[in-house]
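> Structure file entry.cif (mmCIF, C-alpha atoms and all ligand atoms) right here:
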data_run
loop_
_atom_site.group_PDB
_atom_site.id
_atom_site.type_symbol
_atom_site.label_atom_id
_atom_site.label_comp_id
_atom_site.auth_asym_id
_atom_site.auth_seq_id
_atom_site.Cartn_x
_atom_site.Cartn_y
_atom_site.Cartn_z
ATOM 1 C CA MET A 21 13.799 14.005 20.920
ATOM 2 C CA THR A 22 12.063 16.016 23.609
ATOM 3 C CA PHE A 23 8.275 16.404 23.722
ATOM 4 C CA ASN A 24 8.533 19.985 22.414
ATOM 5 C CA GLU A 25 10.789 18.910 19.544
ATOM 6 C CA MET A 26 8.323 16.195 18.546
ATOM 7 C CA MET A 27 5.394 18.629 18.620
ATOM 8 C CA GLU A 28 7.442 21.102 16.549
ATOM 9 C CA ALA A 29 8.136 18.377 13.982
ATOM 10 C CA ILE A 30 4.403 17.526 13.804
ATOM 11 C CA GLU A 31 3.597 21.217 13.127
ATOM 12 C CA ALA A 32 6.426 21.768 10.629
ATOM 13 C CA ARG A 33 6.021 18.597 8.512
ATOM 14 C CA HIS A 34 4.364 18.822 5.097
ATOM 15 C CA SER A 35 4.836 16.545 2.102
ATOM 16 C CA VAL A 36 7.778 17.672 -0.050
ATOM 17 C CA ARG A 37 8.216 16.092 -3.491
ATOM 18 C CA ALA A 38 10.998 18.247 -5.022
ATOM 19 C CA TYR A 39 14.501 18.112 -3.560
ATOM 20 C CA LYS A 40 17.823 19.944 -3.750
ATOM 21 C CA ASP A 41 20.693 18.043 -5.333
ATOM 22 C CA ILE A 42 22.631 17.817 -2.045
ATOM 23 C CA PRO A 43 23.723 14.545 -0.415
ATOM 24 C CA ILE A 44 22.636 13.915 3.168
ATOM 25 C CA GLU A 45 25.583 14.573 5.518
ATOM 26 C CA GLN A 46 27.302 11.553 7.070
ATOM 27 C CA GLY A 47 26.576 12.674 10.647
ATOM 28 C CA ILE A 48 22.864 12.904 9.831
ATOM 29 C CA ARG A 49 22.957 9.481 8.151
ATOM 30 C CA ASN A 50 24.505 7.950 11.265
ATOM 31 C CA GLN A 51 21.797 9.401 13.497
ATOM 32 C CA LEU A 52 19.016 8.284 11.155
ATOM 33 C CA ASN A 53 20.439 4.775 10.777
ATOM 34 C CA ALA A 54 20.712 4.330 14.551
ATOM 35 C CA PHE A 55 17.123 5.537 14.931
ATOM 36 C CA VAL A 56 15.868 3.107 12.267
ATOM 37 C CA ASP A 57 17.718 0.243 14.022
ATOM 38 C CA GLU A 58 15.861 1.065 17.247
ATOM 39 C CA CYS A 59 12.534 1.169 15.387
ATOM 40 C CA ASN A 60 13.227 -2.239 13.829
ATOM 41 C CA LYS A 61 14.096 -3.762 17.211
ATOM 42 C CA GLU A 62 10.890 -2.388 18.716
ATOM 43 C CA SER A 63 8.557 -3.290 15.844
ATOM 44 C CA GLY A 64 9.951 -6.478 14.283
ATOM 45 C CA LEU A 65 10.079 -4.762 10.876
ATOM 46 C CA ASN A 66 13.188 -4.447 8.690
ATOM 47 C CA ILE A 67 13.033 -0.847 7.477
ATOM 48 C CA THR A 68 16.070 0.338 5.484
ATOM 49 C CA ILE A 69 17.220 3.628 3.958
ATOM 50 C CA GLN A 70 18.582 3.918 0.418
ATOM 51 C CA TYR A 71 20.998 6.828 0.124
ATOM 52 C CA ASP A 72 22.251 8.300 -3.179
ATOM 53 C CA ASP A 73 19.925 6.105 -5.220
ATOM 54 C CA PRO A 74 17.849 8.191 -7.653
ATOM 55 C CA GLU A 75 16.554 5.030 -9.371
ATOM 56 C CA GLY A 76 13.901 4.480 -6.696
ATOM 57 C CA PHE A 77 11.929 7.487 -7.920
ATOM 58 C CA ASP A 78 13.050 7.315 -11.544
ATOM 59 C CA SER A 79 9.820 6.223 -13.226
ATOM 60 C CA ARG A 80 6.957 7.672 -15.205
ATOM 61 C CA MET A 81 4.677 7.262 -12.185
ATOM 62 C CA ALA A 82 7.057 9.270 -9.982
ATOM 63 C CA ARG A 83 7.317 12.105 -12.506
ATOM 64 C CA TYR A 84 3.552 12.020 -12.962
ATOM 65 C CA GLY A 85 3.276 12.309 -9.175
ATOM 66 C CA SER A 86 5.499 15.433 -9.439
ATOM 67 C CA PHE A 87 8.465 13.928 -7.599
ATOM 68 C CA ARG A 88 11.724 15.668 -8.594
ATOM 69 C CA ASN A 89 15.322 14.897 -7.731
ATOM 70 C CA VAL A 90 14.614 12.253 -5.082
ATOM 71 C CA GLY A 91 18.062 10.979 -4.116
ATOM 72 C CA ASN A 92 17.145 9.017 -1.008
ATOM 73 C CA TYR A 93 14.217 7.028 0.317
ATOM 74 C CA ILE A 94 13.048 4.933 3.225
ATOM 75 C CA VAL A 95 11.905 1.392 2.348
ATOM 76 C CA LEU A 96 9.100 0.222 4.660
ATOM 77 C CA LYS A 97 9.319 -3.551 4.673
ATOM 78 C CA GLY A 98 9.659 -6.622 6.818
ATOM 79 C CA LYS A 99 8.203 -10.004 7.666
ATOM 80 C CA LYS A 100 4.419 -9.972 7.417
ATOM 81 C CA ILE A 101 3.810 -9.585 11.162
ATOM 82 C CA GLU A 102 0.366 -9.052 12.702
ATOM 83 C CA ASP A 103 -1.111 -5.642 11.775
ATOM 84 C CA PHE A 104 1.758 -5.208 9.282
ATOM 85 C CA GLU A 105 0.296 -2.105 7.594
ATOM 86 C CA PHE A 106 -0.618 -0.337 10.837
ATOM 87 C CA VAL A 107 2.864 -1.026 12.261
ATOM 88 C CA CYS A 108 4.530 0.244 9.033
ATOM 89 C CA GLY A 109 2.472 3.438 9.317
ATOM 90 C CA TYR A 110 3.306 3.894 12.994
ATOM 91 C CA TYR A 111 7.076 3.412 12.693
ATOM 92 C CA GLY A 112 7.319 5.079 9.282
ATOM 93 C CA GLU A 113 5.869 8.248 10.762
ATOM 94 C CA LYS A 114 8.148 7.963 13.779
ATOM 95 C CA ILE A 115 11.105 8.057 11.355
ATOM 96 C CA VAL A 116 9.485 10.870 9.311
ATOM 97 C CA LEU A 117 9.224 13.118 12.386
ATOM 98 C CA TYR A 118 12.796 12.340 13.398
ATOM 99 C CA ALA A 119 13.994 13.166 9.850
ATOM 100 C CA GLN A 120 12.047 16.441 10.040
ATOM 101 C CA HIS A 121 13.809 17.209 13.336
ATOM 102 C CA LEU A 122 17.180 16.592 11.613
ATOM 103 C CA GLY A 123 16.330 19.195 8.951
ATOM 104 C CA LEU A 124 15.161 16.794 6.241
ATOM 105 C CA ASN A 125 11.896 16.622 4.306
ATOM 106 C CA THR A 126 9.799 13.630 3.287
ATOM 107 C CA CYS A 127 6.792 12.390 1.345
ATOM 108 C CA TRP A 128 5.007 9.061 1.755
ATOM 109 C CA ALA A 129 4.542 7.208 -1.542
ATOM 110 C CA ALA A 130 2.264 4.212 -2.010
ATOM 111 C CA LEU A 131 2.115 4.411 -5.797
ATOM 112 C CA THR A 132 4.331 7.033 -7.378
ATOM 113 C CA PHE A 133 7.744 5.390 -7.176
ATOM 114 C CA ASN A 134 9.783 2.880 -9.195
ATOM 115 C CA LYS A 135 8.282 -0.350 -7.896
ATOM 116 C CA LYS A 136 10.401 -2.558 -10.159
ATOM 117 C CA LYS A 137 13.625 -1.151 -8.686
ATOM 118 C CA VAL A 138 12.429 -1.106 -5.076
ATOM 119 C CA LYS A 139 11.235 -4.728 -5.262
ATOM 120 C CA THR A 140 14.856 -5.779 -5.911
ATOM 121 C CA LEU A 141 15.665 -4.487 -2.403
ATOM 122 C CA VAL A 142 13.124 -6.754 -0.707
ATOM 123 C CA PRO A 143 14.228 -10.305 0.229
ATOM 124 C CA ALA A 144 11.874 -13.202 -0.566
ATOM 125 C CA ASP A 145 10.776 -13.615 3.062
ATOM 126 C CA GLU A 146 9.818 -9.938 3.420
ATOM 127 C CA THR A 147 6.882 -7.829 2.227
ATOM 128 C CA LEU A 148 7.118 -4.308 0.818
ATOM 129 C CA CYS A 149 4.624 -1.863 2.301
ATOM 130 C CA MET A 150 5.623 1.387 0.557
ATOM 131 C CA VAL A 151 8.420 3.978 0.496
ATOM 132 C CA ILE A 152 9.051 7.519 1.771
ATOM 133 C CA SER A 153 11.158 10.035 -0.183
ATOM 134 C CA LEU A 154 13.858 11.755 1.857
ATOM 135 C CA GLY A 155 16.177 14.742 1.401
ATOM 136 C CA TYR A 156 16.638 18.500 1.595
ATOM 137 C CA GLY A 157 13.458 19.959 0.113
ATOM 138 C CA GLU A 158 13.347 22.749 -2.464
ATOM 139 C CA THR A 159 10.724 24.161 -0.077
ATOM 140 C CA GLN A 160 9.306 23.139 3.291
ATOM 141 C CA GLY A 161 5.943 22.277 1.679
ATOM 142 C CA HIS A 162 2.749 23.925 2.804
ATOM 143 C CA PRO A 163 -0.258 23.177 5.038
ATOM 144 C CA HIS A 164 -3.354 21.559 3.486
ATOM 145 C CA ARG A 165 -6.913 22.195 4.487
ATOM 146 C CA GLY A 166 -8.402 19.123 6.123
ATOM 147 C CA LYS A 167 -11.098 17.887 8.455
ATOM 148 C CA SER A 168 -11.821 19.419 11.847
ATOM 149 C CA LEU A 169 -12.105 17.868 15.313
ATOM 150 C CA TYR A 170 -15.820 17.042 15.182
ATOM 151 C CA ASP A 171 -15.454 15.303 11.799
ATOM 152 C CA VAL A 172 -13.130 12.674 13.273
ATOM 153 C CA ILE A 173 -14.458 11.885 16.742
ATOM 154 C CA ASP A 174 -17.338 9.735 17.955
ATOM 155 C CA VAL A 175 -17.687 10.629 21.630
ATOM 156 C CA LYS A 176 -20.777 10.947 23.759
ATOM 157 C CA GLY A 177 -20.660 13.663 26.417
ATOM 158 C CA GLY A 178 -17.557 15.582 27.396
ATOM 159 C CA MET A 179 -13.963 14.772 26.615
ATOM 160 C CA PRO A 180 -10.738 15.445 28.488
ATOM 161 C CA GLU A 181 -8.339 18.132 27.285
ATOM 162 C CA TRP A 182 -5.614 15.566 26.452
ATOM 163 C CA PHE A 183 -7.999 13.849 24.030
ATOM 164 C CA VAL A 184 -8.573 17.100 22.105
ATOM 165 C CA VAL A 185 -4.816 17.758 22.020
ATOM 166 C CA GLY A 186 -4.226 14.233 20.666
ATOM 167 C CA VAL A 187 -6.878 14.491 17.950
ATOM 168 C CA ASP A 188 -5.562 17.935 16.908
ATOM 169 C CA ALA A 189 -2.091 16.386 16.450
ATOM 170 C CA ALA A 190 -3.671 13.492 14.503
ATOM 171 C CA LEU A 191 -5.330 15.979 12.132
ATOM 172 C CA LEU A 192 -1.835 17.207 11.124
ATOM 173 C CA ALA A 193 -0.742 13.708 10.077
ATOM 174 C CA PRO A 194 -0.284 12.750 6.421
ATOM 175 C CA THR A 195 -2.874 10.358 4.958
ATOM 176 C CA ALA A 196 -3.168 8.903 1.444
ATOM 177 C CA VAL A 197 -4.696 11.566 -0.855
ATOM 178 C CA ASN A 198 -5.369 13.505 2.356
ATOM 179 C CA GLN A 199 -8.392 11.244 2.927
ATOM 180 C CA GLN A 200 -8.329 11.314 6.764
ATOM 181 C CA LYS A 201 -10.629 8.277 6.994
ATOM 182 C CA PHE A 202 -10.299 7.689 10.714
ATOM 183 C CA VAL A 203 -12.357 8.203 13.831
ATOM 184 C CA PHE A 204 -11.298 8.491 17.474
ATOM 185 C CA THR A 205 -13.490 7.187 20.298
ATOM 186 C CA LEU A 206 -13.308 7.129 24.085
ATOM 187 C CA ASP A 207 -14.241 4.118 26.184
ATOM 188 C CA GLY A 208 -14.156 5.707 29.620
ATOM 189 C CA GLU A 209 -10.568 6.923 29.854
ATOM 190 C CA GLU A 210 -9.330 4.653 27.059
ATOM 191 C CA PRO A 211 -8.845 6.229 23.602
ATOM 192 C CA ALA A 212 -9.291 4.082 20.496
ATOM 193 C CA ILE A 213 -9.010 4.615 16.740
ATOM 194 C CA ARG A 214 -10.643 2.895 13.778
ATOM 195 C CA VAL A 215 -11.079 3.304 10.024
ATOM 196 C CA LYS A 216 -14.136 5.249 8.900
ATOM 197 C CA GLY A 217 -15.528 4.400 5.459
ATOM 198 C CA PHE A 218 -13.560 2.931 2.573
ATOM 199 C CA GLY A 219 -10.308 3.912 0.913
ATOM 200 C CA SER A 220 -6.875 2.647 -0.059
ATOM 201 C CA TYR A 221 -4.098 2.328 2.511
ATOM 202 C CA THR A 222 -6.437 3.218 5.390
ATOM 203 C CA ASN A 223 -4.614 0.888 7.780
ATOM 204 C CA VAL A 224 -1.251 2.518 7.012
ATOM 205 C CA ASP A 225 -2.933 5.900 7.546
ATOM 206 C CA LEU A 226 -4.278 4.677 10.871
ATOM 207 C CA GLY A 227 -0.788 3.781 12.115
ATOM 208 C CA ILE A 228 0.538 7.214 11.067
ATOM 209 C CA VAL A 229 -2.310 9.040 12.764
ATOM 210 C CA ALA A 230 -2.046 6.875 15.910
ATOM 211 C CA TYR A 231 1.632 7.835 16.235
ATOM 212 C CA HIS A 232 0.781 11.555 16.217
ATOM 213 C CA PHE A 233 -1.915 10.969 18.849
ATOM 214 C CA ASP A 234 0.451 8.965 21.074
ATOM 215 C CA VAL A 235 3.212 11.591 20.835
ATOM 216 C CA ALA A 236 0.845 14.409 21.804
ATOM 217 C CA THR A 237 -0.897 12.566 24.669
ATOM 218 C CA GLY A 238 1.791 10.258 26.034
ATOM 219 C CA LYS A 239 -0.798 7.459 25.810
ATOM 220 C CA LYS A 240 -1.144 4.453 23.524
ATOM 221 C CA VAL A 241 -4.344 4.650 21.475
ATOM 222 C CA LYS A 242 -6.094 1.285 21.098
ATOM 223 C CA TYR A 243 -6.375 -0.050 17.553
HETATM 224 C C1 LIG B 301 -0.156 6.094 3.077
HETATM 225 C C2 LIG B 301 0.154 7.258 2.183
HETATM 226 C C3 LIG B 301 0.388 7.071 0.831
HETATM 227 C C4 LIG B 301 0.706 8.164 0.010
HETATM 228 N N1 LIG B 301 0.992 7.942 -1.323
HETATM 229 C C5 LIG B 301 1.358 8.982 -2.116
HETATM 230 C C6 LIG B 301 1.735 8.751 -3.470
HETATM 231 O O1 LIG B 301 1.736 7.619 -3.973
HETATM 232 N N2 LIG B 301 2.105 9.838 -4.220
HETATM 233 C C7 LIG B 301 2.128 11.110 -3.699
HETATM 234 O O2 LIG B 301 2.487 12.042 -4.436
HETATM 235 N N3 LIG B 301 1.775 11.364 -2.409
HETATM 236 C C8 LIG B 301 1.395 10.338 -1.609
HETATM 237 N N4 LIG B 301 1.071 10.557 -0.276
HETATM 238 C C9 LIG B 301 1.132 11.919 0.286
HETATM 239 C C10 LIG B 301 -0.254 12.511 0.564
HETATM 240 O O3 LIG B 301 -0.855 12.898 -0.658
HETATM 241 C C11 LIG B 301 -0.146 13.698 1.550
HETATM 242 O O4 LIG B 301 0.373 13.224 2.757
HETATM 243 C C12 LIG B 301 -1.497 14.332 1.797
HETATM 244 O O5 LIG B 301 -1.980 14.963 0.646
HETATM 245 C C13 LIG B 301 -1.448 15.380 2.930
HETATM 246 O O6 LIG B 301 -0.487 16.372 2.686
HETATM 247 P P1 LIG B 301 0.680 16.664 3.761
HETATM 248 O O7 LIG B 301 1.469 15.398 3.883
HETATM 249 O O8 LIG B 301 1.478 17.792 3.189
HETATM 250 O O9 LIG B 301 0.029 17.031 5.083
HETATM 251 C C14 LIG B 301 0.748 9.481 0.555
HETATM 252 C C15 LIG B 301 0.509 9.654 1.926
HETATM 253 C C16 LIG B 301 0.226 8.565 2.733
HETATM 254 C C17 LIG B 301 0.038 8.787 4.191
#
Spell out the structure here as structure tokens.
Ligand SMILES: Cc1cc2nc3c(=O)[nH]c(=O)nc-3n(C[C@H](O)[C@H](O)[C@H](O)COP(=O)(O)O)c2cc1C

Amino acid sequence: MTFNEMMEAIEARHSVRAYKDIPIEQGIRNQLNAFVDECNKESGLNITIQYDDPEGFDSRMARYGSFRNVGNYIVLKGKKIEDFEFVCGYYGEKIVLYAQHLGLNTCWAALTFNKKKVKTLVPADETLCMVISLGYGETQGHPHRGKSLYDVIDVKGGMPEWFVVGVDAALLAPTAVNQQKFVFTLDGEEPAIRVKGFGSYTNVDLGIVAYHFDVATGKKVKY
């Protein structure tokens, strides 16, 4: 993906929970699978995609969470490596933006899926982080009001333009219940990110948000 395509995907992505009853085309599957393989090589995770498997979101929790017609999902899992949750967030979002680029829609799900079914897909030596629904959305979702730049930075004095661009991209990232519990700092020229306050899944959120920042700035934010 080019830089412009990645920025377009960041702008266009919103959580989509209701899907059309259309299978994902084979050509798209091949591209996605190759991309996931690359992500696994880079990260040490073992992320997989379940196609044509409505059972993963067939549960009371999923219906309660207003998921409809989820035929496919990404399973974020792997050996419990260092910073497991952050790394799952980072690479999960990398796959989400690629899926968006391929014309698909997604929604992260920490709770509202069929855990009993998904656990059967996780070998004994691996840990399940969470899942992401995947498919052709009934709609493209819609933007949500969230925090603004000064709510999520802790910087004394001025800041370079690239830093503002990075934080703006981070503010478009999905977070659990849209909590956005993160803060960006600058140590000289070096950007860093940390959790602010308390919440669930804040380390997964941090990985997701860090990926948006890195895409927009071409840097690697310190965690
Ligand atoms: C780590 C994480 C866990 C999430 N878990 C759920 C979930 O269990 N059920 C659900 O319906 N949405 C879940 N979401 C989706 C968020 O509610 C959604 O991303 C947030 O409200 C912002 O909306 P947007 O993605 O459209 O920008 C989760 C998102 C993240 C990042």
> Measuring between all atoms listed in the file, which one of A:Val107, A:Met179, A:Ile44, A:Cys59 shows the shortest distance to A:Leu226?
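Closest residue, counting all atoms listed in the file: A:Val107.
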> With 7 Å as the cut-off and all atoms listed in the file counted, what is the closest atom pair between each nearby residue of chain A and ligand LIG 301 (chain B)? Distances in Å to one decimal, ordered by chain and number, as CSV.

residue,atom,partner,partner_atom,distance
A:His34,CA,B:LIG301,O8,3.6
A:Ser35,CA,B:LIG301,O8,3.7
A:Gly85,CA,B:LIG301,O2,4.8
A:Ser86,CA,B:LIG301,O2,6.8
A:Cys127,CA,B:LIG301,C9,5.8
A:Trp128,CA,B:LIG301,C14,4.4
A:Ala129,CA,B:LIG301,N1,3.6
A:Ala130,CA,B:LIG301,O1,4.0
A:Leu131,CA,B:LIG301,O1,3.7
A:Thr132,CA,B:LIG301,O1,4.3
A:Gly161,CA,B:LIG301,O8,6.5
A:His162,CA,B:LIG301,O8,6.3
A:Pro163,CA,B:LIG301,O8,6.0
A:His164,CA,B:LIG301,O9,5.9
A:Leu192,CA,B:LIG301,O9,6.3
A:Ala193,CA,B:LIG301,O9,6.0
A:Pro194,CA,B:LIG301,O4,3.8
A:Thr195,CA,B:LIG301,C17,3.4
A:Ala196,CA,B:LIG301,C16,3.6
A:Val197,CA,B:LIG301,O3,4.1
A:Asn198,CA,B:LIG301,C12,4.0
A:Tyr221,CA,B:LIG301,C1,5.5
A:Val224,CA,B:LIG301,C1,5.4
A:Asp225,CA,B:LIG301,C1,5.3
> With C-alpha atoms retained, export the selected residues as an mmCIF file, keeping the file's coordinate frame.

data_model
loop_
_atom_site.group_PDB
_atom_site.id
_atom_site.type_symbol
_atom_site.label_atom_id
_atom_site.label_comp_id
_atom_site.auth_asym_id
_atom_site.auth_seq_id
_atom_site.Cartn_x
_atom_site.Cartn_y
_atom_site.Cartn_z
ATOM 1 C CA HIS A 34 4.364 18.822 5.097
ATOM 2 C CA SER A 35 4.836 16.545 2.102
ATOM 3 C CA GLY A 85 3.276 12.309 -9.175
ATOM 4 C CA SER A 86 5.499 15.433 -9.439
ATOM 5 C CA CYS A 127 6.792 12.390 1.345
ATOM 6 C CA TRP A 128 5.007 9.061 1.755
ATOM 7 C CA ALA A 129 4.542 7.208 -1.542
ATOM 8 C CA ALA A 130 2.264 4.212 -2.010
ATOM 9 C CA LEU A 131 2.115 4.411 -5.797
ATOM 10 C CA THR A 132 4.331 7.033 -7.378
ATOM 11 C CA GLY A 161 5.943 22.277 1.679
ATOM 12 C CA HIS A 162 2.749 23.925 2.804
ATOM 13 C CA PRO A 163 -0.258 23.177 5.038
ATOM 14 C CA HIS A 164 -3.354 21.559 3.486
ATOM 15 C CA LEU A 192 -1.835 17.207 11.124
ATOM 16 C CA ALA A 193 -0.742 13.708 10.077
ATOM 17 C CA PRO A 194 -0.284 12.750 6.421
ATOM 18 C CA THR A 195 -2.874 10.358 4.958
ATOM 19 C CA ALA A 196 -3.168 8.903 1.444
ATOM 20 C CA VAL A 197 -4.696 11.566 -0.855
ATOM 21 C CA ASN A 198 -5.369 13.505 2.356
ATOM 22 C CA TYR A 221 -4.098 2.328 2.511
ATOM 23 C CA VAL A 224 -1.251 2.518 7.012
ATOM 24 C CA ASP A 225 -2.933 5.900 7.546
#
> Could you work out how far atom CA of A:Gly186 lies from atom CA of A:Asn53, giving the answer in Å with one decimal?
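Straight-line distance from atom CA of A:Asn53 to atom CA of A:Gly186 works out to 28.2 Å.
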> List the residues matched by the PyMOL selection byres (((chain A and resi 28-32) around 9) and not hetatm) in the displayed structure as a list of chain:residue names, ordered by chain and then by residue number.
A:Phe23, A:Asn24, A:Glu25, A:Met26, A:Met27, A:Arg33, A:His34, A:Val116, A:Leu117, A:Tyr118, A:Ala119, A:Gln120, A:His121, A:Gln160, A:Gly161, A:His162, A:Pro163, A:Ala189, A:Leu192, A:Ala193, A:His232
> Which is closer to A:Thr159 than all the others in A:Lys201, A:Lys40, A:Arg88, A:Lys114, using only C-alpha atoms?
A:Lys40
> Could you write out as an NGL selection string the residues that the PyMOL selection byres (((chain A and resi 239) around 12) and not hetatm) matches in the shown file?
:A and (182-183 or 185-186 or 209-212 or 230-238 or 240-242)
> Can you tell me, as an mmCIF file with C-alpha atoms, in the frame of the given file, what residues are no more than 9 Å from A:Lys137 when counting only C-alpha atoms, ignoring any on the same chain fewer than 2 positions away?

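Once written, out_38.cif looks like this:
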data_model
loop_
_atom_site.group_PDB
_atom_site.id
_atom_site.type_symbol
_atom_site.label_atom_id
_atom_site.label_comp_id
_atom_site.auth_asym_id
_atom_site.auth_seq_id
_atom_site.Cartn_x
_atom_site.Cartn_y
_atom_site.Cartn_z
ATOM 1 C CA GLU A 75 16.554 5.030 -9.371
ATOM 2 C CA GLY A 76 13.901 4.480 -6.696
ATOM 3 C CA PHE A 77 11.929 7.487 -7.920
ATOM 4 C CA ASP A 78 13.050 7.315 -11.544
ATOM 5 C CA PHE A 133 7.744 5.390 -7.176
ATOM 6 C CA ASN A 134 9.783 2.880 -9.195
ATOM 7 C CA LYS A 135 8.282 -0.350 -7.896
ATOM 8 C CA LYS A 139 11.235 -4.728 -5.262
ATOM 9 C CA THR A 140 14.856 -5.779 -5.911
ATOM 10 C CA LEU A 141 15.665 -4.487 -2.403
#
> Kindly provide, as AutoDock Vina command-line options, the centre and edge lengths (Å, one decimal) of an axis-aligned box around all atoms of stretch 39-50 of chain A given in the file, with 6 Å on each side.

--center_x 20.9 --center_y 13.9 --center_z 3.0 --size_x 24.8 --size_y 24.0 --size_z 28.6
> Work out how far apart atom CA of A:Val175 and atom CA of A:Leu206 are and give it in Å to one decimal.
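Rounded to one decimal, the two atoms are 6.1 Å apart.
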> Would you kindly translate the PyMOL selection byres (((chain A and resi 149-156) around 6) and not hetatm) into the concrete residues it picks from this file, as an MDAnalysis selection string?
chainID A and resid 39:40 92:97 124:130 148 157
> State, in Å with one decimal place, the distance from atom CA of A:Val215 to atom CA of A:Val172.
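Separation between atom CA of A:Val215 and atom CA of A:Val172: 10.1 Å.
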> Measuring atom to atom with all atoms listed in the file, identify which of A:Phe218, A:Phe202, A:Tyr243, A:Phe106 is nearest to A:Leu169.
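Between A:Phe218, A:Phe202, A:Tyr243, A:Phe106, the residue approaching A:Leu169 most closely is A:Phe202.
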> Restricting the calculation to all atoms listed in the file: of A:Lys136, A:Lys176, A:Lys167, A:Lys216, which residue gets closest to A:Arg80?
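Counting all atoms listed in the file, the residue closest to A:Arg80 is A:Lys136.
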